[in-house]
Amino acid sequence: MMRRSASKKAGQPNSTNSINFSPSDLFRTASSRASSKEMERIDNLFHSYANRSLGMIDPEGIETLCSDMEVDHTDVRILMLAWKMKAEKQGYFTLEEWRRGMKALRADTVSKLRKALPELEKEVKRPSNFEDFYSYSFCYCLTEEKQKSIDIESICQLLDLVLGSHFRAQVDYFIEYLKIQSDYKVINMDQWMGFFRFCNEISFPDFSSYNPDLAWPLILDNFVEWMQSKQT
Amino acid sequence: MTMNERKTIDLEQGWEFMQKGITKLKNILEGLPEPQFSSEDYMMLYTTIYNMYTQKPPHDYSQQLYDKYRESFEEYITSSVLPSLREKHDEFMLRELVKRWTNHKVMVRWLSRFFHYLNRYFIARRSLPPLNEVGLTCFRELVYQEVNAKVRDAVISLIDQEREAAYYSRKAANWIVDDSCPDYMLKAEECLKREKDRVSNYLHSSSEPKLLEKVQHELLSVWANRLLDKEHSGCHALLRDDKVEDLSRMFRLFSKIPRGLDPVSSTFKQHVTAEGTALVKLAEDAASTKKAEKRDVVGLQEQVFVRKVIELHDKYLAYMNDCFQNHTLFHKVLKEAFEAFCNKGVAGSSSAELLATFCDNILKKGGSEKLSDEAIEETLEKVVKLLAYISDKDLFAEFYRKKLARRLLFDKSANDDHERSILTKLKQQCGGQFTSKMEGMVTDLTLARENQTNFEEYLSNNRNANPGIDLTVTVLTTGFWPSYKSFDLNLPAEMIKCVEVFRDFYQTKTKHRKLTWMYSLGTCNLIGKFEPKTMELIVTTYQASALLLFNSSDRLSYSEIMIQLNLTDDDVVRLLHSLSCAKYKILNKEPNTKTISSTDQFEFNSKFTDKMRRIKIPLPPVDEKKKVIEDVDKDRRYAIDASIVRIMKSRKVLGHQQLVMECVEQLGRMFKPDFKVIKKRIEDLITRDYLERDKDNPNMFRYLA
């Protein structure tokens with residue numbers, strides 16, 4: 001490795017320019033050469049999926065990437081990847097975002113990326129990260145400018161995707177409720193986060209600790225009422 | 001140190017030392033923080049006396065010591081004991097006396113010990129009373145002499161109280177079984193009066209309250225619940241049977257015992273609530289027998305209901321004065337009782353609507369209430385008082401405003417003074433904001449009359465500005481009047497000219513205002529040339545427009561009429577019904593059924609006649625109820641939003657429950673906001689970036705400037 005990078009680089013390790021040359025310098029330069037090599041590979045990978053005219057990876061590119069990784073593009077791990085990249089626009093990755101994510105995952109090939117997914121999953125599921133991921137997933141779905149809420153249908157899918165494995169029962173019942181109620185046609189961020197808090201704090205299915213006089217979003221008050229009327 | 005070398009203690013010196021010991025003793029007796037006498041203290045005091053006694057003359061102070069012994073008691077009694085006894089009375093005085101006597105005995109015992117040597121030789125030699133006796137005699141002469149009369153009185157009073165209590169306890173136990181509540185109360189009152197007289201005659205006046213308290217306790221407190229709950233004669237029954245005198249007695253008696261009025265007021269509240277609720281049920285039952293199509297209309301039963309509620313209110317207001325001495329507790333429960341049932345609607349109409357309709361009936365011409373001016377004023381006053389119990393005051397205001405508009409615009413108001421008078425009363429009760437729009441409406445009419453005069457002047461000055469028919473226009477200020485849906489009615493040509501002429505006139509007065517024509521509110525006098533005789537028909541503009549169509553066509557279908565008039569189905573059905581299926585059949589309908597269908601055909605009824613020359617063909621108004629409720633709900637949403645923003649702007653950060661509470665309080669004068677609605681408004685305001693939820697505490701909100 002070193003030899004190869006050495007042959008490509010202009011500066012030789014024992015160049016006459018650097019008089020006081022120490023072994024650590026030798027190491028550093030070599031590793032920075034290694035990382036810049038890595039960066040090149042990352043960039044090349046980016047360009048192999050990117051849309052030439054846009055300069056970013058578009059939905060088509062992502063789909064290709066997914067099939068290369070043998071992961072369905074609707075899989076939650078892709079959302080996790082977007083989170084890791086801090087991708088702003090749904091369905092698109094910019095070079096910067098790509099670099100960010102790939103570096104953090106220490107992947108510069110598709111196979112390394114695929115191998116990094118289980119670790120990524122674990123990282124996302126850590127309590128310290130999960131809330132951030134949960135809130136990110138909502139924002140990620142706001143595709144229009146100035147959009148603040150998401151329609152019920154999409155919310156149901158998103159809830160299932162993001163929260164389903166954690167709180168199966170609550171998510172299933174809430175999705176059922178969302179579909180039959182007519183008070184709300186869209187869900188906003190406050191309600192989205194409220195539901196997360198609800199799953200974490202309130203015992204299910206008795207709701208004994210739920211108090212509608214507190215500042216829970218109204219839709220949750222109505223949900224609890226609906227559940228309780230079903231149970232009697 | 002030998003006896004001879006003893007230093008001589010002079011009297012002053014020695015007494016000073018003794019005084020310290022005596023003071024220490026007094027402190028202990030008074031309960032002040034003072035350590036007990038140690039053996040050393042005692043020895044020193046005893047020895048000091050011994051030494052002073054055994055000294056050689058002129059330093060043998062035996063007589064002086066004996067005197068000073070006595071003086072110590074006198075001084076203490078005079079400066080501390082007597083004053084403390086004098087300031088107490090009765091039982092307290094007795095207790096103090098016992099305490100002081102006990103202390104005194106202790107003091108005698110201790111001082112005797114210090115001065116003991118005197119007892120051994122001096123007293124015997126001079127045949128004087130021993131120290132013990134001296135001490136006790138002081139007490140007798142100074143204390144007993146003074147207080148013994150008071151003591152006797154106090155003791156007798158205590159004995160008496162005990163005896164009375166026992167006596168009444170026995171009596172009461174018998175009476176409660178045998179007597180009805182009113183009878184028992186009469187006896188109780190008698191007893192208390194007798195005791196009062198007796199006490200004032202031969203017991204100290206300070207005994208009176210205590211004695212009466214005891215008697216009251218035995219007669220009333222002990223048996224209160226059983227007495228009040230007596231089935232056929234207790235509080236509930238007295239209220240039922242309107243026994244004003246007995247109730248007054250009950251109030252008088254029970255107001256004297258601690259919390260005695262609580263059960264009485266609570267029974268009163270239950271009773272009033274039940275009476276009111278029964279009225280509601282009565283009205284509901286009567287209304288349920290109404291015909292289906294009249295269901296939404298506030299009818300006679302509802303009028304009767306309001307009347308009866310007013311009567312109920314009058315009755316119990318009288319009770320406030322006659323029975324309950326205007327006590328605040330009773331006023332409070334009366335209010336609560338009325339609030340409980342006054343907010344129940346009847347037959348789908350809210351109480352707000354019922355009250356508004358009631359007022360309308362009093363104030364309009366030909367209303368169902370035929371009353372003298374005075375009676376009207378009185379009734380209006382009473383209705384406004386009832387409004388205080390209604391929580392949806394804003395709903396009342398809107399219904400009232402709608403009906404006021406009808407009265408004003410269709411010249412249905414019976415009396416201008418009454419209209420103004422009730423507005424004044426409403427203003428007093430609910431504030432200026434409540435009545436500002438209504439007052440604006442009344443003023444508008446006055447201005448409109450002026451304006452009309454100007455218009456007529458303009459017409460006479462401008463020959464070419466001729467509407468062709470007599471035209472009166474009433475210009476209204478939009479903000480004051482209820483909102484009406486305005487439709488683009490296709491006016492008949494004659495009326496189009498009128499509108500143009502007036503528009504031109506109005507332009508001369510002001511260029512800054514826009515006129516929107518509300519044809520649905522207009523009236524028209526038509527001349528109908530019927531075969532039997534020509535008649536004058538007073539109709540609405542809509543009806544006139546429909547009738548005028550028949551000047552150019554003999555026969556018209558429903559759809560032709562609708563297209564030509566450019567109105568909705570609802571309006572067309574209503575107006576054709578009024579002209580062909582109601583009392584006066586100006587148009588003949590084919591087929592001659594009782595309802596309008598879209599396939600009907602209409603013809604001018606040339607044979608129509610009536611014994612009058614001039615008739616009014618009413619067009620029943622559209623049901624306003626739904627729109628009123630919608631409008632009020634909308635206004636409430638704005639009001640809640642404004643209130644939340646106002647509160648958050650001043651508090652910056654506030655907890656959810658606190659915010660809700662303050663919001664309810666702020667809006668309480670006009671309506672009771674629903675908690676869920678408030679929550680929804682908060683969420684809406686969050687979406688609109690007025691507020692945000694606190695990051696750390698989801699139950700707190702922050703104002704976003």
# chains A, B, ... in the order shown; residues from 1 in each chain; ligands from 1
call {"tool": "closest_atom_pairs", "arguments": {"of": "chain A", "to": "chain B", "cutoff": "7 Å", "atoms": "only C-alpha atoms", "output": "CSV"}}
result
residue,atom,partner,partner_atom,distance
A:Asp213,CA,B:Gln657,CA,6.9
A:Leu214,CA,B:His656,CA,6.4
A:Ala215,CA,B:Asn699,CA,5.1
A:Leu218,CA,B:Lys679,CA,6.4
call {"tool": "residues_around", "arguments": {"residues": "A:Asn44", "least_positions_apart": "6", "cutoff": "10 Å", "atoms": "only C-alpha atoms", "output": "ChimeraX atom specification"}}
result
/A:38,50,108-109
call {"tool": "residues_around", "arguments": {"residues": "stretch 176-191 of chain A", "least_positions_apart": "2", "cutoff": "7 Å", "atoms": "only C-alpha atoms", "output": "list in words"}}
result
Lys148, Ser149, Ile150, Asp151, Ile152, Asp172, Tyr173, Phe174, Met193, Gly194, Phe195, Pro217 and Phe223 of chain A
call {"tool": "residues_around", "arguments": {"residues": "B:Leu94", "least_positions_apart": "5", "cutoff": "10 Å", "atoms": "only C-alpha atoms", "output": "ChimeraX atom specification"}}
result
/B:85,88-89,99-100,147,150-152,154-155
call {"tool": "write_last_selection", "arguments": {"atoms": "C-alpha atoms", "output": "PDB file, in the first residue's frame"}}
result
ATOM      1  CA  LEU B  85     -56.974  37.183  88.225  1.00  0.00           C
ATOM      2  CA  LYS B  88     -59.992  36.778  83.577  1.00  0.00           C
ATOM      3  CA  HIS B  89     -63.603  35.712  83.914  1.00  0.00           C
ATOM      4  CA  LYS B  99     -53.194  27.712  89.522  1.00  0.00           C
ATOM      5  CA  ARG B 100     -52.320  30.693  91.682  1.00  0.00           C
ATOM      6  CA  VAL B 147     -62.505  37.436  94.207  1.00  0.00           C
ATOM      7  CA  LYS B 150     -66.823  36.363  91.294  1.00  0.00           C
ATOM      8  CA  VAL B 151     -65.798  32.839  92.054  1.00  0.00           C
ATOM      9  CA  ARG B 152     -69.175  31.972  93.417  1.00  0.00           C
ATOM     10  CA  ALA B 154     -68.604  31.420  88.046  1.00  0.00           C
ATOM     11  CA  VAL B 155     -69.102  28.152  89.839  1.00  0.00           C
TER      12      VAL B 155
END
call {"tool": "atom_distance", "arguments": {"atom1": "atom CA of B:Val108", "atom2": "atom CA of B:Ile9"}}
result
24.8 Å
call {"tool": "residues_around", "arguments": {"residues": "B:Ile527", "least_positions_apart": "4", "cutoff": "10 Å", "atoms": "only C-alpha atoms", "output": "list of chain:residue names"}}
result
B:Thr534, B:Met535, B:Glu536, B:Leu537, B:Ile538, B:Arg614
call {"tool": "write_last_selection", "arguments": {"atoms": "N, CA, C and O atoms", "output": "PDB file, in the first residue's frame"}}
result
ATOM      1  N   THR B 534    -109.333  45.078  -6.923  1.00  0.00           N
ATOM      2  CA  THR B 534    -107.892  45.359  -6.852  1.00  0.00           C
ATOM      3  C   THR B 534    -107.468  45.359  -5.390  1.00  0.00           C
ATOM      4  O   THR B 534    -108.181  45.846  -4.519  1.00  0.00           O
ATOM      5  N   MET B 535    -106.293  44.762  -5.123  1.00  0.00           N
ATOM      6  CA  MET B 535    -105.835  44.699  -3.745  1.00  0.00           C
ATOM      7  C   MET B 535    -104.385  45.107  -3.640  1.00  0.00           C
ATOM      8  O   MET B 535    -103.640  45.049  -4.618  1.00  0.00           O
ATOM      9  N   GLU B 536    -104.019  45.507  -2.444  1.00  0.00           N
ATOM     10  CA  GLU B 536    -102.605  45.826  -2.197  1.00  0.00           C
ATOM     11  C   GLU B 536    -101.977  44.646  -1.457  1.00  0.00           C
ATOM     12  O   GLU B 536    -102.520  44.148  -0.478  1.00  0.00           O
ATOM     13  N   LEU B 537    -100.851  44.205  -1.972  1.00  0.00           N
ATOM     14  CA  LEU B 537    -100.164  43.075  -1.351  1.00  0.00           C
ATOM     15  C   LEU B 537     -98.834  43.554  -0.776  1.00  0.00           C
ATOM     16  O   LEU B 537     -98.058  44.203  -1.478  1.00  0.00           O
ATOM     17  N   ILE B 538     -98.638  43.236   0.486  1.00  0.00           N
ATOM     18  CA  ILE B 538     -97.348  43.581   1.101  1.00  0.00           C
ATOM     19  C   ILE B 538     -96.509  42.311   1.130  1.00  0.00           C
ATOM     20  O   ILE B 538     -96.848  41.349   1.834  1.00  0.00           O
ATOM     21  N   ARG B 614    -106.098  45.176   1.755  1.00  0.00           N
ATOM     22  CA  ARG B 614    -104.635  45.202   1.839  1.00  0.00           C
ATOM     23  C   ARG B 614    -104.190  44.034   2.693  1.00  0.00           C
ATOM     24  O   ARG B 614    -104.630  43.899   3.843  1.00  0.00           O
TER      25      ARG B 614
END
call {"tool": "residues_around", "arguments": {"residues": "B:Lys485", "least_positions_apart": "6", "cutoff": "12 Å", "atoms": "only C-alpha atoms", "output": "list in words"}}
result
Thr516, Trp517, Met518, Tyr519, Ser520, Leu521, Leu567, Thr568, Asp571, Val622, Glu624 and Lys627 of chain B
call {"tool": "select_by_dssp", "arguments": {"residues": "stretch 276-423 of chain B", "states": "alpha helix (DSSP H)", "output": "JSON, numbers by chain"}}
result
{"B": [276, 277, 278, 279, 280, 281, 282, 283, 284, 285, 286, 287, 288, 300, 301, 302, 303, 304, 305, 306, 307, 308, 309, 310, 311, 312, 313, 314, 315, 316, 317, 318, 319, 320, 321, 322, 328, 329, 330, 331, 332, 333, 334, 335, 336, 337, 338, 339, 340, 341, 342, 351, 352, 353, 354, 355, 356, 357, 358, 359, 360, 361, 362, 363, 373, 374, 375, 376, 377, 378, 379, 380, 381, 382, 383, 384, 385, 386, 387, 393, 394, 395, 396, 397, 398, 399, 400, 401, 402, 403, 404, 405, 406, 407, 408, 409, 416, 417, 418, 419, 420, 421, 422, 423]}
call {"tool": "write_last_selection", "arguments": {"atoms": "C-alpha atoms", "output": "CSV table (one decimal), in the first residue's frame"}}
result
chain,number,residue,atom,x,y,z
B,276,GLY,CA,-86.1,23.8,37.6
B,277,THR,CA,-85.2,20.5,36.1
B,278,ALA,CA,-88.9,19.5,36.3
B,279,LEU,CA,-89.8,22.5,34.3
B,280,VAL,CA,-87.3,21.5,31.7
B,281,LYS,CA,-88.8,18.1,31.5
B,282,LEU,CA,-92.3,19.4,31.3
B,283,ALA,CA,-91.3,21.6,28.3
B,284,GLU,CA,-89.4,18.7,26.7
B,285,ASP,CA,-92.4,16.4,27.0
B,286,ALA,CA,-94.8,19.0,25.6
B,287,ALA,CA,-92.4,19.7,22.7
B,288,SER,CA,-92.0,16.1,21.8
B,300,LEU,CA,-95.5,28.1,22.6
B,301,GLN,CA,-94.3,25.5,25.0
B,302,GLU,CA,-90.8,27.1,25.1
B,303,GLN,CA,-92.4,30.5,25.8
B,304,VAL,CA,-94.3,29.0,28.6
B,305,PHE,CA,-91.1,27.4,29.9
B,306,VAL,CA,-89.3,30.7,30.0
B,307,ARG,CA,-92.3,32.3,31.8
B,308,LYS,CA,-92.3,29.6,34.4
B,309,VAL,CA,-88.5,29.9,35.0
B,310,ILE,CA,-89.0,33.6,35.6
B,311,GLU,CA,-91.7,32.9,38.1
B,312,LEU,CA,-89.5,30.3,39.8
B,313,HIS,CA,-86.7,32.9,40.0
B,314,ASP,CA,-89.1,35.5,41.5
B,315,LYS,CA,-90.3,33.1,44.0
B,316,TYR,CA,-86.9,32.1,45.3
B,317,LEU,CA,-85.6,35.7,45.2
B,318,ALA,CA,-88.4,36.5,47.6
B,319,TYR,CA,-87.2,33.7,49.8
B,320,MET,CA,-83.8,35.3,49.9
B,321,ASN,CA,-85.4,38.2,51.6
B,322,ASP,CA,-88.2,36.6,53.5
B,328,THR,CA,-74.5,35.1,50.9
B,329,LEU,CA,-74.5,31.3,51.3
B,330,PHE,CA,-78.0,31.1,50.0
B,331,HIS,CA,-77.4,33.5,47.2
B,332,LYS,CA,-74.5,31.3,46.2
B,333,VAL,CA,-76.5,28.1,46.1
B,334,LEU,CA,-79.4,29.8,44.3
B,335,LYS,CA,-77.1,30.8,41.6
B,336,GLU,CA,-75.6,27.3,41.4
B,337,ALA,CA,-79.0,25.8,41.2
B,338,PHE,CA,-80.2,28.0,38.4
B,339,GLU,CA,-77.0,27.6,36.5
B,340,ALA,CA,-77.5,23.8,36.7
B,341,PHE,CA,-80.8,23.7,35.0
B,342,CYS,CA,-80.9,26.9,33.0
B,351,SER,CA,-81.5,28.2,26.6
B,352,ALA,CA,-79.8,31.1,24.9
B,353,GLU,CA,-82.1,30.8,21.9
B,354,LEU,CA,-85.1,30.4,24.2
B,355,LEU,CA,-84.4,33.6,26.0
B,356,ALA,CA,-83.7,35.5,22.8
B,357,THR,CA,-87.0,34.3,21.3
B,358,PHE,CA,-88.8,35.2,24.5
B,359,CYS,CA,-87.5,38.8,24.3
B,360,ASP,CA,-88.4,39.0,20.6
B,361,ASN,CA,-92.0,38.0,21.5
B,362,ILE,CA,-92.3,40.8,24.0
B,363,LEU,CA,-90.7,43.4,21.8
B,373,ASP,CA,-95.6,49.0,29.3
B,374,GLU,CA,-94.8,48.6,33.0
B,375,ALA,CA,-95.2,44.9,32.8
B,376,ILE,CA,-93.0,44.8,29.8
B,377,GLU,CA,-90.2,46.7,31.5
B,378,GLU,CA,-90.5,44.4,34.5
B,379,THR,CA,-90.4,41.3,32.5
B,380,LEU,CA,-87.4,42.5,30.4
B,381,GLU,CA,-85.6,43.3,33.7
B,382,LYS,CA,-86.2,39.7,34.9
B,383,VAL,CA,-85.1,38.1,31.7
B,384,VAL,CA,-81.8,40.0,31.8
B,385,LYS,CA,-81.3,38.7,35.3
B,386,LEU,CA,-81.8,35.2,34.1
B,387,LEU,CA,-79.1,35.8,31.5
B,393,LYS,CA,-74.0,34.5,26.6
B,394,ASP,CA,-72.4,35.0,23.2
B,395,LEU,CA,-75.0,32.7,21.7
B,396,PHE,CA,-77.8,34.7,23.2
B,397,ALA,CA,-76.3,37.9,21.8
B,398,GLU,CA,-76.2,36.5,18.3
B,399,PHE,CA,-79.7,35.2,18.4
B,400,TYR,CA,-80.9,38.4,19.9
B,401,ARG,CA,-79.1,40.4,17.3
B,402,LYS,CA,-80.6,38.4,14.5
B,403,LYS,CA,-84.1,38.9,15.8
B,404,LEU,CA,-83.5,42.5,16.5
B,405,ALA,CA,-82.5,42.9,12.9
B,406,ARG,CA,-85.8,41.4,11.8
B,407,ARG,CA,-87.7,43.6,14.0
B,408,LEU,CA,-86.0,46.7,12.9
B,409,LEU,CA,-85.9,46.0,9.2
B,416,ASP,CA,-88.6,52.1,20.5
B,417,ASP,CA,-88.2,52.9,24.2
B,418,HIS,CA,-88.5,49.3,25.2
B,419,GLU,CA,-85.8,48.4,22.6
B,420,ARG,CA,-83.4,50.9,24.1
B,421,SER,CA,-84.3,50.0,27.6
B,422,ILE,CA,-83.4,46.4,27.3
B,423,LEU,CA,-80.2,47.3,25.6
call {"tool": "residues_around", "arguments": {"residues": "A:Phe204", "least_positions_apart": "4", "cutoff": "12 Å", "atoms": "only C-alpha atoms", "output": "list in words"}}
result
Phe167, Arg168, Ala169, Gln170, Val171, Tyr173, Phe174, Phe198, Cys199, Asn200, Ser208, Ser209, Tyr210, Val224, Met227 and Gln228 of chain A
